[in-house]
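Inspection log for the structure reproduced underneath, given as structure tokens.
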Amino acid sequence: MTGDRPPRPGPSPAATGLVAVVATVAALLGIGVRARFGGHVAVDEPQYLLTALSIFEDFDLDITDELERRRWTPWAGTEALPVQTEVLADGTQISPHDPLLPIILAVPMGLGGWVAAKAALALMAGALAALTLWTAVRRFAVPRRLATGGVLLASASAPLAVYGQQVYPELPAALAAVAALAIVTGPAFGRRRDLAAFGLVITALPWLSVKYVPVAAALALPGLWRLRADRRALAALAGGLAAMGAVYLVVHRLIWGGWTVYASGDHFQESGEFGVMGFDPDFTGRAVRLVGLMTDRGYGLAAWQPAWLLLLPAVGYGLWHLRPRNLPTASPDDSSDGSSGAPLPALPAPPTAFRSAALLLPLAAGWLTATFVALTMNGYWWPGRQTVVVLPLALLLILAFLRDRPRWLHRTGLALGTAGPVTYAWLLADGYAVRITWVSGFERVGSPLYQAIRPLLPDYRSGWDAFWPLHLTWALISLLLVAYGTPYLMKGRSHEVDPDPDDRRGPGPGRRADLRPDGLRRR
């Protein structure tokens with residue numbers, strides 16, 4: 001959170017290129033590991049690839065001929081695919097998955113097959129790493145070395161490295177989320193070009209998957225809030241998003257026969273399309289995922305990259321910045337209402353509270369969706385799938401938190417973070433030896449770091465009687481870490497003085513001359 005500090009130079013081209021190359025290579029290396037022992041792609045991946053083939057060859061979404069000709073056998077194995085599609089009234093079979101990912105992959109899939117499609121996703125992983133680094137440095141004033149190291153460790157670890165080549169919408173959705181954040185926190189937000197780009201990436205999220213609607217809404221809210229003093233721009237953005245939402249619903253009714261793609265799914269013909277959330281969901285029982293998404297023995301984020309535990313104190317740090325005194329107030333001088341017909345000016349740089357909210361709102365939306373909406377967190381996929389869309393935002397929050405923390409905490413983060421790439425390298429080695437796959441057997445990986453962590457984490461598949469002691473322990477640890485992240489308890493710098501004093505621009509103890517280079521007031 002930079003408050004009102006002037007914009008900093010972006011990361012160096014060398015650092016940007018480094019993180020992009022490392023993220024891309026880490027993802028590319030994962031292509032050689034089988035998704036299951038019988039094929040290179042599995043579960044929902046064939047549905048996306050078959051739809052991409054249909055778009056490239058037939059210019060439509062109907063995969064009837066692809067299914068009849070068993071086009072999946074070269075890369076998904078000779079076994080019959082699980083039936084996912086219902087034959088519609090016109091005889092077509094439309095995959096119950098939103099179409100933007102197949103559209104993106106249509107050309108590489110059509111020209112180079114499944115390897116090219118996965119390589120295209122790996123390139124997107126590199127783009128995500130580069131954009132995350134740029135956003136950390138430019139929008140959140142994270143020092144270049146810290147930002148570069150953090151992005152490298154996250155990009156070369158699971159789950160980001162794994163989903164950098166898995167044919168799922170998770171990685172493209174994460175890229176769209178970071179792009180939206182970079183735009184809405186920028187000094188030029190309010191200009192037509194930025195509003196158009198912001199609306200575009202927000203709209204892309206539901207077209208990647210309807211499950212991203214809460215994250216899209218949570219990203220849109222800061223944009224609408226920031227435009228509250230410019231009625232013309234506010235109406236334009238709100239009207240544009242509403243129109244795109246209406247188009248989404250109409251297109252889905254016409255093509256899939258319902259409000260979501262699940263209306264064409266064979267599995268949901270009796271329950272209805274919203275059965276995707278479960279036929280009899282136990283939302284109270286699902287609440288354990290609030291902790292389990294981080295700490296589950298096999299499917300938790302911390303099991304594969306322990307540095308994600310730093311998200312907990314980072315959340316406390318972000319919540320502290322949401323104090324009411326930090327909230328911006330609308331001013332007639334902030335922007336024009338556009339009634340004069342003049343070009344819309346850029347808005348002032350948003351204060352710390354706004355930047356905190358812009359990170360925390362979509363992060364909370366993604367985490368709560370994975371907790372209460374997703375059917376399960378222990379599915380037939382690589383761990384962390386439901387949280388990938390907001391993990392780069394979590395990384396940005398962690399980096400902003402570490403920016404003002406003592407060096408020992410940086411070293412702790414480095415030590416924890418190094419375990420992630422080491423375990424990922426072990427996963428690759430075991431995967432090439434066909435001892436594990438991306439969706440089965442991965443808990444048998446030979447990494448001594450992962451195997452050492454496992455006994456400390458609860459196994460939520462073992463039943464309440466077995467997991468409750470470790471679950472309650474980690475619930476308490478999580479609460480303590482969140483509290484520890486507040487500047488009142490941390491022995492860092494930002495607890496000593498307010499990093500964004502109200503009188504920073506005017507005379508008095510908060511004037512520029514009294515500020516240290518890091519933006520904090522001198523004593």
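Labels used: A, B, ... for chains in the order of the structure tokens, numbers from 1 for residues in each chain, and numbers from 1 for ligands as shown.
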
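Proximity to A:Phe442 at 9 Å, evaluated using only C-alpha atoms and with sequence-adjacent residues fewer than 3 positions away removed, yields Gly298, Trp382, Leu427, Asp430, Gly431, Arg435, Ile436, Thr437, Trp438, Val439 and Val445 of chain A.
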
For N, CA, C and O atoms, I'd like the residues from the last selection saved as an mmCIF file, in the first residue's frame.
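As written to disk, again-v3.cif reads:
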```
data_model
loop_
_atom_site.group_PDB
_atom_site.id
_atom_site.type_symbol
_atom_site.label_atom_id
_atom_site.label_comp_id
_atom_site.auth_asym_id
_atom_site.auth_seq_id
_atom_site.Cartn_x
_atom_site.Cartn_y
_atom_site.Cartn_z
ATOM 1 N N GLY A 298 -3.066 -32.707 2.139
ATOM 2 C CA GLY A 298 -2.808 -32.984 0.732
ATOM 3 C C GLY A 298 -3.202 -31.864 -0.197
ATOM 4 O O GLY A 298 -2.566 -31.640 -1.225
ATOM 5 N N TRP A 382 -5.266 -31.007 -9.250
ATOM 6 C CA TRP A 382 -4.138 -30.599 -8.423
ATOM 7 C C TRP A 382 -4.633 -29.668 -7.314
ATOM 8 O O TRP A 382 -5.504 -28.836 -7.531
ATOM 9 N N LEU A 427 8.454 -33.111 -7.527
ATOM 10 C CA LEU A 427 7.246 -33.545 -8.228
ATOM 11 C C LEU A 427 7.547 -33.825 -9.698
ATOM 12 O O LEU A 427 7.074 -34.807 -10.272
ATOM 13 N N ASP A 430 9.591 -37.148 -9.932
ATOM 14 C CA ASP A 430 8.729 -38.317 -9.720
ATOM 15 C C ASP A 430 7.710 -38.457 -10.833
ATOM 16 O O ASP A 430 7.307 -39.574 -11.192
ATOM 17 N N GLY A 431 7.281 -37.333 -11.376
ATOM 18 C CA GLY A 431 6.322 -37.382 -12.477
ATOM 19 C C GLY A 431 6.929 -37.934 -13.747
ATOM 20 O O GLY A 431 6.308 -38.755 -14.445
ATOM 21 N N ARG A 435 5.910 -42.100 -11.288
ATOM 22 C CA ARG A 435 5.544 -42.561 -9.945
ATOM 23 C C ARG A 435 4.323 -41.812 -9.421
ATOM 24 O O ARG A 435 3.626 -42.292 -8.528
ATOM 25 N N ILE A 436 4.094 -40.609 -9.964
ATOM 26 C CA ILE A 436 2.940 -39.807 -9.576
ATOM 27 C C ILE A 436 2.356 -39.172 -10.837
ATOM 28 O O ILE A 436 2.975 -39.206 -11.911
ATOM 29 N N THR A 437 1.183 -38.601 -10.735
ATOM 30 C CA THR A 437 0.601 -37.778 -11.803
ATOM 31 C C THR A 437 0.073 -36.503 -11.153
ATOM 32 O O THR A 437 0.060 -36.359 -9.929
ATOM 33 N N TRP A 438 -0.413 -35.585 -11.982
ATOM 34 C CA TRP A 438 -0.889 -34.318 -11.436
ATOM 35 C C TRP A 438 -2.205 -34.456 -10.682
ATOM 36 O O TRP A 438 -2.546 -33.585 -9.876
ATOM 37 N N VAL A 439 -2.965 -35.499 -10.942
ATOM 38 C CA VAL A 439 -4.257 -35.622 -10.262
ATOM 39 C C VAL A 439 -4.362 -36.875 -9.397
ATOM 40 O O VAL A 439 -5.396 -37.094 -8.777
ATOM 41 N N VAL A 445 4.907 -38.105 -3.295
ATOM 42 C CA VAL A 445 6.134 -37.496 -3.799
ATOM 43 C C VAL A 445 7.260 -37.686 -2.779
ATOM 44 O O VAL A 445 7.044 -37.665 -1.568
#
```

Excluding A:Glu45 and its own-chain neighbours fewer than 4 positions away, which residues fall within 12 Å of it when counting only C-alpha atoms? Please give them as a tab-separated table (two decimals) with C-alpha atoms, in the first residue's frame.
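Written output follows (selection-v1.tsv):
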```
chain	number	residue	atom	x	y	z
A	35	ALA	CA	-2.29	-35.83	-15.72
A	36	ARG	CA	-3.24	-39.42	-14.89
A	39	GLY	CA	-3.15	-40.02	-20.33
A	40	HIS	CA	-1.50	-36.61	-20.61
A	41	VAL	CA	-4.75	-34.73	-19.97
A	49	LEU	CA	-9.48	-29.18	-25.79
A	50	LEU	CA	-12.30	-30.80	-27.76
A	51	THR	CA	-14.19	-27.51	-27.75
A	52	ALA	CA	-11.04	-25.69	-28.89
A	72	TRP	CA	-9.19	-37.42	-27.44
A	75	TRP	CA	-3.63	-37.40	-25.49
A	76	ALA	CA	-6.27	-38.61	-23.01
A	81	LEU	CA	-14.35	-40.12	-21.49
A	82	PRO	CA	-16.75	-39.58	-18.60
A	84	GLN	CA	-20.44	-34.65	-19.31
A	95	SER	CA	-19.56	-28.90	-23.25
A	97	HIS	CA	-17.78	-25.24	-19.56
A	101	LEU	CA	-10.58	-20.65	-22.60
A	102	PRO	CA	-11.30	-22.84	-25.67
A	105	LEU	CA	-6.61	-22.11	-27.15
A	114	TRP	CA	-2.41	-30.52	-26.91
A	117	ALA	CA	-2.25	-25.60	-26.13
A	118	LYS	CA	-0.41	-26.23	-22.87
A	163	TYR	CA	-1.79	-24.61	-13.38
A	165	GLN	CA	0.11	-25.86	-18.02
A	166	GLN	CA	-3.12	-27.50	-16.85
A	167	VAL	CA	-5.96	-26.88	-19.32
A	168	TYR	CA	-8.21	-25.06	-16.87
A	169	PRO	CA	-9.31	-21.42	-16.73
A	170	GLU	CA	-7.54	-20.81	-13.42
A	380	TYR	CA	-9.75	-34.96	-8.84
A	381	TRP	CA	-7.33	-32.17	-9.65
A	439	VAL	CA	-4.26	-35.62	-10.26
```

Which is closest to A:Trp207 among A:Ile104, A:Ala233, A:Ala158, A:Leu152, if we use only C-alpha atoms?
-> A:Ile104

Of the candidates A:Val184, A:Lys211, A:Leu205, A:Val107, which one gets nearest to A:Phe56 if we count only C-alpha atoms?
-> A:Val107

May I have the residues within 9 Å of stretch 314-324 of chain A as a PyMOL selection string, using only C-alpha atoms and disregarding those fewer than 6 positions away in the same chain?
-> chain A and resi 1+352-357+359-360+394+397-402+481-487

For the residues in the current selection, export N, CA and C atoms as an mmCIF file, in the first residue's frame.
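And here is the file that came out, again04.cif:
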```cif
data_model
loop_
_atom_site.group_PDB
_atom_site.id
_atom_site.type_symbol
_atom_site.label_atom_id
_atom_site.label_comp_id
_atom_site.auth_asym_id
_atom_site.auth_seq_id
_atom_site.Cartn_x
_atom_site.Cartn_y
_atom_site.Cartn_z
ATOM 1 N N MET A 1 0.830 -1.172 0.000
ATOM 2 C CA MET A 1 0.000 0.000 0.000
ATOM 3 C C MET A 1 0.876 1.236 0.000
ATOM 4 N N THR A 352 -4.097 4.559 0.848
ATOM 5 C CA THR A 352 -3.782 3.217 1.327
ATOM 6 C C THR A 352 -5.024 2.372 1.542
ATOM 7 N N ALA A 353 -6.060 2.926 2.157
ATOM 8 C CA ALA A 353 -7.267 2.144 2.448
ATOM 9 C C ALA A 353 -7.877 1.596 1.171
ATOM 10 N N PHE A 354 -7.864 2.383 0.117
ATOM 11 C CA PHE A 354 -8.424 1.916 -1.151
ATOM 12 C C PHE A 354 -7.619 0.751 -1.697
ATOM 13 N N ARG A 355 -6.314 0.866 -1.663
ATOM 14 C CA ARG A 355 -5.471 -0.212 -2.187
ATOM 15 C C ARG A 355 -5.644 -1.485 -1.364
ATOM 16 N N SER A 356 -5.779 -1.335 -0.058
ATOM 17 C CA SER A 356 -6.031 -2.502 0.782
ATOM 18 C C SER A 356 -7.349 -3.161 0.409
ATOM 19 N N ALA A 357 -8.384 -2.343 0.240
ATOM 20 C CA ALA A 357 -9.694 -2.889 -0.119
ATOM 21 C C ALA A 357 -9.654 -3.555 -1.483
ATOM 22 N N LEU A 359 -7.312 -5.161 -2.793
ATOM 23 C CA LEU A 359 -6.703 -6.479 -2.643
ATOM 24 C C LEU A 359 -7.579 -7.425 -1.836
ATOM 25 N N LEU A 360 -8.098 -6.937 -0.724
ATOM 26 C CA LEU A 360 -8.798 -7.814 0.211
ATOM 27 C C LEU A 360 -10.165 -8.250 -0.299
ATOM 28 N N ALA A 394 -3.024 -12.454 -3.418
ATOM 29 C CA ALA A 394 -2.485 -12.822 -2.110
ATOM 30 C C ALA A 394 -0.987 -12.559 -2.062
ATOM 31 N N LEU A 397 -0.353 -8.891 -1.570
ATOM 32 C CA LEU A 397 -0.603 -8.492 -0.180
ATOM 33 C C LEU A 397 0.561 -8.902 0.710
ATOM 34 N N ILE A 398 1.096 -10.091 0.487
ATOM 35 C CA ILE A 398 2.251 -10.553 1.272
ATOM 36 C C ILE A 398 3.451 -9.642 1.032
ATOM 37 N N LEU A 399 3.712 -9.298 -0.205
ATOM 38 C CA LEU A 399 4.862 -8.451 -0.519
ATOM 39 C C LEU A 399 4.703 -7.059 0.079
ATOM 40 N N ALA A 400 3.476 -6.515 0.035
ATOM 41 C CA ALA A 400 3.240 -5.210 0.650
ATOM 42 C C ALA A 400 3.450 -5.277 2.160
ATOM 43 N N PHE A 401 3.061 -6.383 2.747
ATOM 44 C CA PHE A 401 3.268 -6.592 4.183
ATOM 45 C C PHE A 401 4.763 -6.671 4.513
ATOM 46 N N LEU A 402 5.505 -7.447 3.739
ATOM 47 C CA LEU A 402 6.935 -7.618 4.009
ATOM 48 C C LEU A 402 7.723 -6.347 3.746
ATOM 49 N N LEU A 481 -1.876 -15.429 13.879
ATOM 50 C CA LEU A 481 -1.048 -14.854 12.814
ATOM 51 C C LEU A 481 -1.717 -13.628 12.207
ATOM 52 N N VAL A 482 -3.034 -13.679 12.036
ATOM 53 C CA VAL A 482 -3.747 -12.497 11.522
ATOM 54 C C VAL A 482 -3.577 -11.332 12.493
ATOM 55 N N ALA A 483 -3.757 -11.602 13.782
ATOM 56 C CA ALA A 483 -3.577 -10.541 14.778
ATOM 57 C C ALA A 483 -2.136 -10.045 14.815
ATOM 58 N N TYR A 484 -1.187 -10.982 14.659
ATOM 59 C CA TYR A 484 0.233 -10.615 14.686
ATOM 60 C C TYR A 484 0.598 -9.680 13.535
ATOM 61 N N GLY A 485 -0.148 -9.759 12.460
ATOM 62 C CA GLY A 485 0.153 -8.920 11.316
ATOM 63 C C GLY A 485 -0.218 -7.470 11.484
ATOM 64 N N THR A 486 -1.036 -7.137 12.477
ATOM 65 C CA THR A 486 -1.400 -5.745 12.673
ATOM 66 C C THR A 486 -0.203 -4.980 13.213
ATOM 67 N N PRO A 487 -0.024 -3.734 12.786
ATOM 68 C CA PRO A 487 1.143 -2.967 13.248
ATOM 69 C C PRO A 487 1.174 -2.750 14.750
#
```

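Between atom CA of A:Gly285 and atom CA of A:Gln386 the interatomic distance comes to 17.5 Å.
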
Can you tell me, as number ranges by chain, what residues are no more than 12 Å from A:Pro469 when counting only C-alpha atoms, ignoring any on the same chain fewer than 5 positions away?
-> A: 456-460, 463-464, 474-476

Going by DSSP on the backbone, which bits of stretch 129-348 of chain A are helix (DSSP H, G or I)? Write them as a VMD selection string, please.
-> chain A and resid 129 to 140 144 to 155 160 to 163 170 to 184 192 to 208 210 to 226 231 to 255 261 to 264 266 to 268 273 to 277 283 to 286 289 to 295 301 to 304 306 to 320 324 to 326

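Take the candidates A:Arg454, A:Arg138, A:Arg145, A:Arg461 and check each one against A:Pro9 using only C-alpha atoms; the shortest distance goes to A:Arg138.
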
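Shell of stretch 174-182 of chain A at 6 Å, with only C-alpha atoms counted and residues fewer than 4 places along the chain excluded, is Leu128, Thr135, Phe198, Val201 and Val389 of chain A.
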
With N, CA, C and O atoms retained, export the selected residues as a PDB file, in the first residue's frame.
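again.pdb was written with the following content:
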```pdb
ATOM      1  N   LEU A 128       1.708 -13.569 -16.501  1.00  0.00           N
ATOM      2  CA  LEU A 128       1.178 -13.322 -15.165  1.00  0.00           C
ATOM      3  C   LEU A 128       2.287 -12.946 -14.195  1.00  0.00           C
ATOM      4  O   LEU A 128       2.146 -12.007 -13.401  1.00  0.00           O
ATOM      5  N   THR A 135       3.086  -4.816 -11.047  1.00  0.00           N
ATOM      6  CA  THR A 135       2.071  -4.273 -10.150  1.00  0.00           C
ATOM      7  C   THR A 135       2.619  -4.100  -8.741  1.00  0.00           C
ATOM      8  O   THR A 135       2.326  -3.104  -8.065  1.00  0.00           O
ATOM      9  N   PHE A 198     -10.551  -1.914 -18.145  1.00  0.00           N
ATOM     10  CA  PHE A 198     -11.043  -2.466 -16.884  1.00  0.00           C
ATOM     11  C   PHE A 198     -12.322  -3.263 -17.110  1.00  0.00           C
ATOM     12  O   PHE A 198     -12.466  -4.394 -16.630  1.00  0.00           O
ATOM     13  N   VAL A 201     -11.497  -6.735 -18.856  1.00  0.00           N
ATOM     14  CA  VAL A 201     -10.945  -7.838 -18.053  1.00  0.00           C
ATOM     15  C   VAL A 201     -11.950  -8.319 -17.008  1.00  0.00           C
ATOM     16  O   VAL A 201     -11.982  -9.505 -16.664  1.00  0.00           O
ATOM     17  N   VAL A 389      -7.193 -18.245  -8.802  1.00  0.00           N
ATOM     18  CA  VAL A 389      -7.607 -16.971  -9.383  1.00  0.00           C
ATOM     19  C   VAL A 389      -7.176 -15.786  -8.525  1.00  0.00           C
ATOM     20  O   VAL A 389      -6.902 -14.694  -9.055  1.00  0.00           O
TER      21      VAL A 389
END
```

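If only C-alpha atoms are the atoms counted, then among A:Arg385, A:His252, A:Arg444, A:Arg232 the closest residue to A:Leu160 is A:Arg385.
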
Between A:Glu79, A:Asn378, A:Val22, A:Gln93, smallest distance to A:Leu67 by only C-alpha atoms belongs to A:Gln93

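For the pair atom CA of A:Asp230 and atom CA of A:Leu361, the interatomic distance is 22.3 Å.
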
Using DSSP on the backbone coordinates, identify all residues within stretch 17-216 of chain A classified as strand (DSSP E or B); present the result as an NGL selection string.
-> :A and (36 or 39 or 62 or 85 or 94 or 189 or 191)

Atom CA of A:Val373 to atom CA of A:Ala246 measures 22.5 Å

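Considering the residues A:Leu363, A:Val247, A:Ala429, A:Val19 and counting only C-alpha atoms, A:Val388 has its shortest atom-to-atom contact with A:Leu363.
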
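Using only C-alpha atoms, the protein and nucleic acid residues lying no more than 9 Å from stretch 411-413 of chain A, apart from those fewer than 6 places from it along its own chain, are Gly150, Pro306, Ala307, Leu310 and Leu402 of chain A.
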
Selection above as a file: N, CA, C and O atoms, as a compact mmCIF listing (two decimals), in the first residue's frame:
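The resulting again-v4.txt:
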```
# COMPACT_ATOMS: atom_id res chain seq x y z
N GLY A 150 9.99 -12.66 -4.44
CA GLY A 150 8.69 -13.23 -4.10
C GLY A 150 7.97 -13.81 -5.31
O GLY A 150 7.41 -14.91 -5.23
N PRO A 306 5.06 -23.53 1.78
CA PRO A 306 4.81 -23.04 3.14
C PRO A 306 4.76 -21.52 3.27
O PRO A 306 4.17 -21.00 4.21
N ALA A 307 5.37 -20.80 2.33
CA ALA A 307 5.39 -19.34 2.43
C ALA A 307 4.00 -18.73 2.30
O ALA A 307 3.80 -17.57 2.67
N LEU A 310 2.36 -16.81 5.17
CA LEU A 310 2.55 -15.37 5.39
C LEU A 310 1.32 -14.57 4.99
O LEU A 310 1.20 -13.39 5.35
N LEU A 402 5.50 -7.45 3.74
CA LEU A 402 6.94 -7.62 4.01
C LEU A 402 7.72 -6.35 3.75
O LEU A 402 8.81 -6.16 4.33
```

For A:Leu249, list every protein, DNA or RNA residue within 9 Å, evaluated using only C-alpha atoms, and leave out those in the same chain fewer than 4 positions away; present the list as a tab-separated table (two decimals) with N, CA and C atoms, in the first residue's frame.
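Below is the file that was written, out_23.tsv:
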```tsv
chain	number	residue	atom	x	y	z
A	244	MET	N	-22.93	-6.10	-20.27
A	244	MET	CA	-22.18	-7.32	-20.50
A	244	MET	C	-22.77	-8.49	-19.71
A	245	GLY	N	-23.27	-8.20	-18.51
A	245	GLY	CA	-23.92	-9.25	-17.74
A	245	GLY	C	-25.19	-9.74	-18.42
A	253	ARG	N	-28.63	-18.61	-22.23
A	253	ARG	CA	-29.98	-19.15	-22.44
A	253	ARG	C	-30.14	-19.69	-23.85
A	254	LEU	N	-29.56	-19.01	-24.82
A	254	LEU	CA	-29.73	-19.42	-26.21
A	254	LEU	C	-28.90	-20.65	-26.56
A	258	GLY	N	-29.80	-22.48	-20.31
A	258	GLY	CA	-29.97	-22.09	-18.91
A	258	GLY	C	-29.19	-20.82	-18.63
A	259	TRP	N	-29.12	-20.47	-17.35
A	259	TRP	CA	-28.39	-19.25	-16.98
A	259	TRP	C	-26.89	-19.49	-16.91
A	260	THR	N	-26.48	-20.73	-16.83
A	260	THR	CA	-25.06	-21.09	-16.78
A	260	THR	C	-24.81	-22.24	-17.74
```
